[in-house]
file upload_17.txt (compact mmCIF, C-alpha atoms)
# COMPACT_ATOMS: atom_id res chain seq x y z
CA MET A 278 3.63 61.73 55.73
CA PHE A 279 2.07 58.72 53.99
CA SER A 280 1.31 55.52 55.90
CA ILE A 281 0.31 52.17 54.45
CA ALA A 282 -0.52 48.91 56.20
CA THR A 283 -1.08 45.26 55.36
CA TRP A 284 -3.18 42.78 57.32
CA ASN A 285 -4.42 39.26 56.67
CA ILE A 286 -7.74 39.68 58.43
CA ASN A 287 -8.99 36.07 58.04
CA SER A 288 -12.61 37.09 57.24
CA VAL A 289 -13.35 40.80 57.06
CA ARG A 290 -17.00 40.35 58.03
CA LEU A 291 -16.19 38.28 61.10
CA ARG A 292 -13.49 40.71 62.22
CA LEU A 293 -14.96 44.01 61.06
CA PRO A 294 -14.82 45.49 64.61
CA LEU A 295 -11.06 44.87 64.66
CA VAL A 296 -10.60 46.58 61.29
CA GLU A 297 -12.67 49.54 62.44
CA HIS A 298 -10.65 49.82 65.66
CA PHE A 299 -7.36 49.70 63.78
CA LEU A 300 -8.45 52.37 61.30
CA ARG A 301 -9.68 54.67 64.06
CA GLU A 302 -6.55 54.29 66.17
CA HIS A 303 -3.82 54.27 63.52
CA ARG A 304 -5.42 56.04 60.57
CA PRO A 305 -3.23 54.73 57.72
CA ASP A 306 -3.69 56.37 54.34
CA VAL A 307 -4.11 52.91 52.83
CA LEU A 308 -4.87 49.48 54.29
CA CYS A 309 -4.33 46.33 52.22
CA LEU A 310 -6.41 43.41 53.50
CA GLN A 311 -5.97 39.77 52.58
CA GLU A 312 -8.15 36.70 53.04
CA ILE A 313 -11.33 38.78 53.17
CA LYS A 314 -13.32 35.57 52.45
CA CYS A 315 -16.26 37.20 50.73
CA GLN A 316 -17.60 38.25 47.39
CA GLU A 317 -17.41 41.91 46.51
CA GLU A 318 -21.12 42.58 47.11
CA GLN A 319 -20.72 41.14 50.64
CA PHE A 320 -17.82 43.42 51.61
CA PRO A 321 -18.67 45.84 54.50
CA LEU A 322 -18.26 48.87 52.28
CA THR A 323 -20.57 51.23 54.16
CA ALA A 324 -18.95 50.64 57.55
CA LEU A 325 -15.46 51.53 56.31
CA GLN A 326 -16.64 54.46 54.22
CA ALA A 327 -18.25 55.84 57.38
CA LEU A 328 -14.74 56.08 58.84
CA GLY A 329 -13.59 58.21 55.90
CA TYR A 330 -12.21 55.36 53.80
CA GLU A 331 -14.39 56.18 50.83
CA HIS A 332 -12.15 54.65 48.17
CA ILE A 333 -12.17 50.85 48.19
CA ALA A 334 -11.12 48.33 45.56
CA MET A 335 -11.81 44.62 45.94
CA HIS A 336 -11.02 41.28 44.36
CA GLY A 337 -13.41 38.93 46.09
CA GLN A 338 -14.26 35.25 45.99
CA LYS A 339 -16.96 33.21 47.69
CA GLY A 340 -15.75 31.83 51.01
CA TYR A 341 -12.03 31.83 50.22
CA HIS A 342 -9.04 34.08 49.63
CA GLY A 343 -9.83 37.61 48.43
CA VAL A 344 -8.02 40.94 48.80
CA ALA A 345 -9.20 44.52 49.30
CA THR A 346 -7.43 47.88 49.30
CA VAL A 347 -9.01 50.57 51.48
CA SER A 348 -7.90 54.17 50.99
CA LEU A 349 -8.44 57.75 52.12
CA HIS A 350 -7.40 58.83 48.60
CA PRO A 351 -8.97 58.19 45.20
CA LEU A 352 -7.86 54.98 43.50
CA GLU A 353 -7.13 54.73 39.79
CA ASP A 354 -6.30 52.05 37.26
CA VAL A 355 -7.56 49.10 39.29
CA MET A 356 -6.23 45.76 38.02
CA ARG A 357 -6.90 42.19 39.15
CA GLN A 358 -4.45 39.55 37.98
CA ASP A 359 -5.29 35.84 37.96
CA PHE A 360 -1.99 34.24 38.93
CA CYS A 361 -1.56 30.64 37.74
CA ALA A 362 -4.86 30.95 35.82
CA VAL A 363 -6.90 29.09 38.44
CA GLY A 364 -9.47 31.79 39.13
CA ASP A 365 -8.36 32.64 42.70
CA ALA A 366 -8.72 36.20 43.99
CA ARG A 367 -5.17 36.72 45.25
CA HIS A 368 -3.99 39.97 43.66
CA LEU A 369 -5.19 43.54 43.37
CA SER A 370 -3.28 46.50 41.98
CA VAL A 371 -4.23 50.19 42.19
CA ARG A 372 -2.61 53.53 41.52
CA LEU A 373 -3.07 56.68 43.56
CA ARG A 374 -1.65 60.19 43.79
CA PHE A 375 -0.28 61.57 47.05
CA GLY A 376 0.87 65.15 46.68
CA GLU A 377 3.16 65.14 43.66
CA ARG A 378 3.92 61.44 43.92
CA HIS A 379 2.26 58.67 41.96
CA LEU A 380 2.15 55.28 43.69
CA ARG A 381 1.36 51.83 42.32
CA ILE A 382 0.21 49.50 45.12
CA HIS A 383 0.13 45.71 44.69
CA ASN A 384 -1.89 43.75 47.27
CA PHE A 385 -0.97 40.02 47.34
CA TYR A 386 -2.20 36.91 49.09
CA VAL A 387 0.22 34.10 48.22
CA PRO A 388 -1.07 30.50 48.59
CA ALA A 389 -0.20 28.88 51.91
CA GLY A 390 0.99 25.70 50.22
CA GLY A 391 -0.51 22.95 52.36
CA ASP A 392 1.47 20.86 54.84
CA GLU A 393 3.84 18.69 52.79
CA PRO A 394 6.72 20.54 51.06
CA ASP A 395 6.77 18.24 48.04
CA ARG A 396 4.93 19.17 44.87
CA THR A 397 4.85 15.55 43.68
CA VAL A 398 2.49 14.57 46.51
CA ASN A 399 1.02 17.98 47.40
CA PRO A 400 -0.44 20.02 44.51
CA LYS A 401 -0.99 22.98 46.85
CA PHE A 402 2.76 23.27 47.35
CA GLY A 403 3.35 23.15 43.60
CA HIS A 404 0.76 25.89 43.15
CA LYS A 405 2.59 28.05 45.68
CA LEU A 406 5.93 27.63 43.92
CA ASP A 407 4.36 28.42 40.54
CA PHE A 408 2.70 31.52 42.01
CA ILE A 409 6.03 32.80 43.37
CA GLU A 410 7.64 32.15 39.99
CA GLU A 411 5.00 34.32 38.31
CA MET A 412 5.56 37.04 40.91
CA ARG A 413 9.08 37.51 39.52
CA ARG A 414 7.48 39.42 36.64
CA THR A 415 5.95 42.00 38.99
CA SER A 416 8.36 44.90 38.56
CA ALA A 417 8.84 47.85 40.89
CA SER A 418 9.84 50.02 37.93
CA ALA A 419 7.13 48.99 35.46
CA GLU A 420 5.74 52.53 35.12
CA PRO A 421 8.03 55.53 34.55
CA GLY A 422 7.56 58.23 37.16
CA VAL A 423 5.57 55.94 39.44
CA SER A 424 6.90 54.60 42.75
CA SER A 425 5.72 51.12 43.73
CA LEU A 426 4.71 49.20 46.84
CA LEU A 427 4.02 45.48 47.16
CA LEU A 428 2.26 44.40 50.33
CA GLY A 429 0.56 41.35 51.65
CA ASP A 430 0.56 37.94 53.22
CA LEU A 431 3.29 36.31 51.14
CA ASN A 432 3.15 33.18 53.32
CA ILE A 433 6.94 32.82 53.35
CA ALA A 434 9.41 33.77 56.09
CA PRO A 435 12.57 34.27 54.02
CA PHE A 436 15.30 34.88 56.61
CA GLU A 437 16.56 32.86 59.57
CA THR A 438 15.42 35.60 61.95
CA ASP A 439 11.93 35.59 60.41
CA VAL A 440 11.09 32.37 62.27
CA TRP A 441 11.32 31.25 65.86
CA SER A 442 13.68 28.39 64.95
CA HIS A 443 15.46 28.27 61.61
CA LYS A 444 16.74 24.73 62.22
CA GLN A 445 13.37 23.27 63.23
CA LEU A 446 11.42 24.94 60.40
CA LEU A 447 13.70 24.12 57.46
CA LYS A 448 11.35 21.34 56.39
CA ILE A 449 8.14 23.18 57.32
CA VAL A 450 6.11 24.91 54.62
CA SER A 451 6.74 28.69 54.68
CA HIS A 452 10.46 28.38 55.49
CA THR A 453 11.79 25.64 53.19
CA PRO A 454 14.79 26.67 51.06
CA VAL A 455 12.89 26.29 47.77
CA GLU A 456 10.28 28.80 49.02
CA THR A 457 12.66 31.29 50.59
CA ASP A 458 14.98 31.21 47.57
CA GLY A 459 12.01 31.74 45.25
CA LEU A 460 10.68 34.71 47.21
CA LEU A 461 14.09 36.39 47.39
CA ARG A 462 14.50 35.87 43.63
CA ALA A 463 11.15 37.55 43.08
CA MET A 464 12.30 40.47 45.21
CA VAL A 465 15.61 40.86 43.38
CA ASP A 466 14.25 40.29 39.86
CA GLY A 467 11.44 42.77 40.47
CA GLY A 468 13.80 45.44 41.78
CA TRP A 469 12.10 45.53 45.18
CA ALA A 470 13.48 46.55 48.57
CA ASP A 471 12.28 44.91 51.79
CA LEU A 472 11.05 48.03 53.62
CA VAL A 473 10.45 46.18 56.87
CA ARG A 474 14.00 44.87 57.08
CA ALA A 475 15.26 48.29 56.03
CA GLN A 476 13.92 49.45 59.40
CA ILE A 477 14.55 46.38 61.59
CA PRO A 478 18.08 44.91 61.38
CA ILE A 479 18.31 41.40 59.94
CA GLU A 480 19.94 40.24 63.19
CA GLU A 481 16.71 40.91 65.10
CA LYS A 482 13.91 38.34 65.18
CA LEU A 483 10.63 39.68 63.85
CA PHE A 484 7.27 37.91 63.54
CA THR A 485 3.85 38.90 62.16
CA TRP A 486 1.99 35.58 62.58
CA TRP A 487 1.38 33.24 65.51
CA SER A 488 -0.51 29.96 65.08
CA TYR A 489 -3.97 29.44 66.53
CA ARG A 490 -2.70 26.02 67.65
CA ALA A 491 -0.52 27.47 70.40
CA LYS A 492 -2.19 27.30 73.83
CA ASP A 493 -0.35 30.44 74.93
CA TRP A 494 1.05 32.23 71.89
CA THR A 495 2.67 34.98 73.95
CA LEU A 496 4.57 32.56 76.18
CA ALA A 497 5.67 30.26 73.34
CA ASP A 498 6.29 33.15 70.90
CA ARG A 499 6.73 30.69 68.04
CA GLY A 500 6.05 33.18 65.32
CA ARG A 501 6.94 33.73 61.68
CA ARG A 502 7.23 36.87 59.52
CA LEU A 503 4.78 36.04 56.75
CA ASP A 504 3.49 39.57 56.08
CA HIS A 505 5.65 41.88 54.03
CA ILE A 506 5.96 45.39 52.66
CA TRP A 507 8.28 45.88 49.70
CA GLY A 508 8.93 49.11 47.84
CA SER A 509 10.73 50.45 44.81
CA THR A 510 14.26 51.43 45.80
CA ASP A 511 13.49 55.17 45.71
CA LEU A 512 11.22 54.70 48.74
CA VAL A 513 13.94 53.37 51.07
CA SER A 514 15.27 56.85 51.81
CA ALA A 515 11.69 58.03 52.45
CA LEU A 516 11.13 55.55 55.30
CA ARG A 517 10.31 57.22 58.59
CA GLY A 518 8.67 54.52 60.68
CA LEU A 519 7.49 50.94 61.05
CA THR A 520 4.76 49.45 63.21
CA VAL A 521 4.24 45.73 63.76
CA LEU A 522 1.12 45.71 65.92
CA LYS A 523 1.82 42.56 67.93
CA GLU A 524 -0.86 43.47 70.48
CA ALA A 525 -3.53 42.82 67.82
CA ARG A 526 -2.88 39.08 68.12
CA GLY A 527 -4.35 39.31 71.62
CA TRP A 528 -7.53 41.15 70.66
CA GLU A 529 -10.90 39.41 70.99
CA ARG A 530 -11.43 36.83 68.21
CA PRO A 531 -8.20 37.89 66.49
CA SER A 532 -6.67 37.02 63.17
CA ASP A 533 -3.54 34.91 63.47
CA HIS A 534 -1.74 37.71 61.58
CA VAL A 535 -1.14 41.25 62.87
CA PRO A 536 -1.08 44.56 60.98
CA VAL A 537 2.24 45.79 59.62
CA MET A 538 2.54 49.47 58.70
CA VAL A 539 5.24 51.74 57.30
CA THR A 540 5.37 55.53 57.26
CA LEU A 541 6.99 57.34 54.33
CA ASP A 542 7.94 60.99 53.91
CA LEU A 543 6.71 61.70 50.40
call {"tool": "encode", "arguments": {"input": "upload_17.txt", "output": "structure tokens"}}
result
Amino acid sequence: MFSIATWNINSVRLRLPLVEHFLREHRPDVLCLQEIKCQEEQFPLTALQALGYEHIAMHGQKGYHGVATVSLHPLEDVMRQDFCAVGDARHLSVRLRFGERHLRIHNFYVPAGGDEPDRTVNPKFGHKLDFIEEMRRTSASAEPGVSSLLLGDLNIAPFETDVWSHKQLLKIVSHTPVETDGLLRAMVDGGWADLVRAQIPIEEKLFTWWSYRAKDWTLADRGRRLDHIWGSTDLVSALRGLTVLKEARGWERPSDHVPVMVTLDL
């Protein structure tokens, strides 16, 4: 069995104890972290290697953004793509071998997009839309004989059941039609399958993020599914399990996102 997780950690140095706890308790083969908020030389490499995660690739940036892929298995062909040519560290791609299978793993942190869903007055929203448009060229079948996974904080909740209230969030960044349509186009054009929704029926509400602004996030439960795991279509039949670790939102000094993990029989 092969397990892989994604988690927007919102500062890996600040929340290193949470990462260590998750790795000890759940032991995924690979963990894709987003928003590490550090340069590569500042990443807590030694602490994670001490847990057996000796193979780590990073795309860091001072104070902002940043992604890292942490693995029990050797990583090959590490690539870092600069989406929208603005110099942000928002993408990291690696390849690894698991048994007889070759896997390409894309780790993404899509821009949040600011507060106003109008690119004419909010450049951050325009940047987000342009980023999603470029993502359409990320193909699940780019390499013959290689299965693909795309994980990360994509900052969009595409379906009605991915938000606490479809009607009330239609004009809120992360669930506007222009964003959701763009993300679903990227999924279709890239030949990706939504592995999370392949396990949890579309009729069922599912969240991976709860705002820090909520006084009691558990009582309000006003969440959104912003964190995603996509796979090449050959991986759908290999799915054996899904974990959305909602309890992590209640840990001490938590991220506002929780880990999402799938298990595959490869």
call {"tool": "atom_distance", "arguments": {"input": "upload_17.txt", "atom1": "CA of Ala434 (chain A)", "atom2": "CA of Met335 (chain A)"}}
result
25.9 Å
call {"tool": "atom_distance", "arguments": {"input": "upload_17.txt", "atom1": "CA of Val539 (chain A)", "atom2": "CA of Asp498 (chain A)"}}
result
23.1 Å
call {"tool": "closest_residue", "arguments": {"input": "upload_17.txt", "among": "A:Val423, A:Cys309, A:Cys315, A:Leu322", "to": "Thr346 (chain A)", "atoms": "only C-alpha atoms"}}
result
A:Cys309
call {"tool": "closest_residue", "arguments": {"input": "upload_17.txt", "among": "A:Leu460, A:Gly500, A:Lys401, A:Pro351", "to": "Leu446 (chain A)", "atoms": "only C-alpha atoms"}}
result
A:Gly500
call {"tool": "atom_distance", "arguments": {"input": "upload_17.txt", "atom1": "CA of Pro531 (chain A)", "atom2": "CA of Leu295 (chain A)"}}
result
7.8 Å
call {"tool": "residues_near_point", "arguments": {"input": "upload_17.txt", "point": "(-4.8, 41.8, 37.4)", "cutoff": "7 Å", "atoms": "all atoms listed in the file", "output": "list of chain:residue names"}}
result
A:Met356, A:Arg357, A:Gln358, A:Asp359, A:His368, A:Leu369, A:Ser370
call {"tool": "closest_atom_pairs", "arguments": {"input": "upload_17.txt", "of": "region 455-535 of chain A", "to": "region 375-395 of chain A", "cutoff": "10 Å", "atoms": "all atoms listed in the file", "output": "JSON lines"}}
result
{"residue": "A:Val455", "atom": "CA", "partner": "A:Pro394", "partner_atom": "CA", "distance": 9.1}
{"residue": "A:Glu456", "atom": "CA", "partner": "A:Pro394", "partner_atom": "CA", "distance": 9.2}
{"residue": "A:Leu503", "atom": "CA", "partner": "A:Val387", "partner_atom": "CA", "distance": 9.9}
{"residue": "A:Asp504", "atom": "CA", "partner": "A:Tyr386", "partner_atom": "CA", "distance": 9.4}
{"residue": "A:His505", "atom": "CA", "partner": "A:Phe385", "partner_atom": "CA", "distance": 9.6}
{"residue": "A:Ile506", "atom": "CA", "partner": "A:Asn384", "partner_atom": "CA", "distance": 9.7}
{"residue": "A:Trp507", "atom": "CA", "partner": "A:His383", "partner_atom": "CA", "distance": 9.6}
{"residue": "A:Gly508", "atom": "CA", "partner": "A:Ile382", "partner_atom": "CA", "distance": 9.1}
{"residue": "A:Ser509", "atom": "CA", "partner": "A:Arg381", "partner_atom": "CA", "distance": 9.8}
call {"tool": "residues_around", "arguments": {"input": "upload_17.txt", "residues": "Met278 (chain A)", "least_positions_apart": "4", "cutoff": "8 Å", "atoms": "only C-alpha atoms", "output": "ChimeraX atom specification"}}
result
/A:540-543
call {"tool": "residues_near_point", "arguments": {"input": "upload_17.txt", "point": "(-11.2, 38.6, 53.5)", "cutoff": "9 Å", "atoms": "all atoms listed in the file", "output": "list in words"}}
result
Asn285, Ile286, Asn287, Ser288, Val289, Arg290, Leu310, Gln311, Glu312, Ile313, Lys314, Cys315, Gln316, Phe320, Gly337, Gln338, Gly340, Tyr341, His342, Gly343, Val344 and Ala345 of chain A
call {"tool": "residues_around", "arguments": {"input": "upload_17.txt", "residues": "Glu410 (chain A)", "least_positions_apart": "5", "cutoff": "9 Å", "atoms": "all atoms listed in the file", "output": "number ranges by chain"}}
result
A: 405, 459-460, 462-463
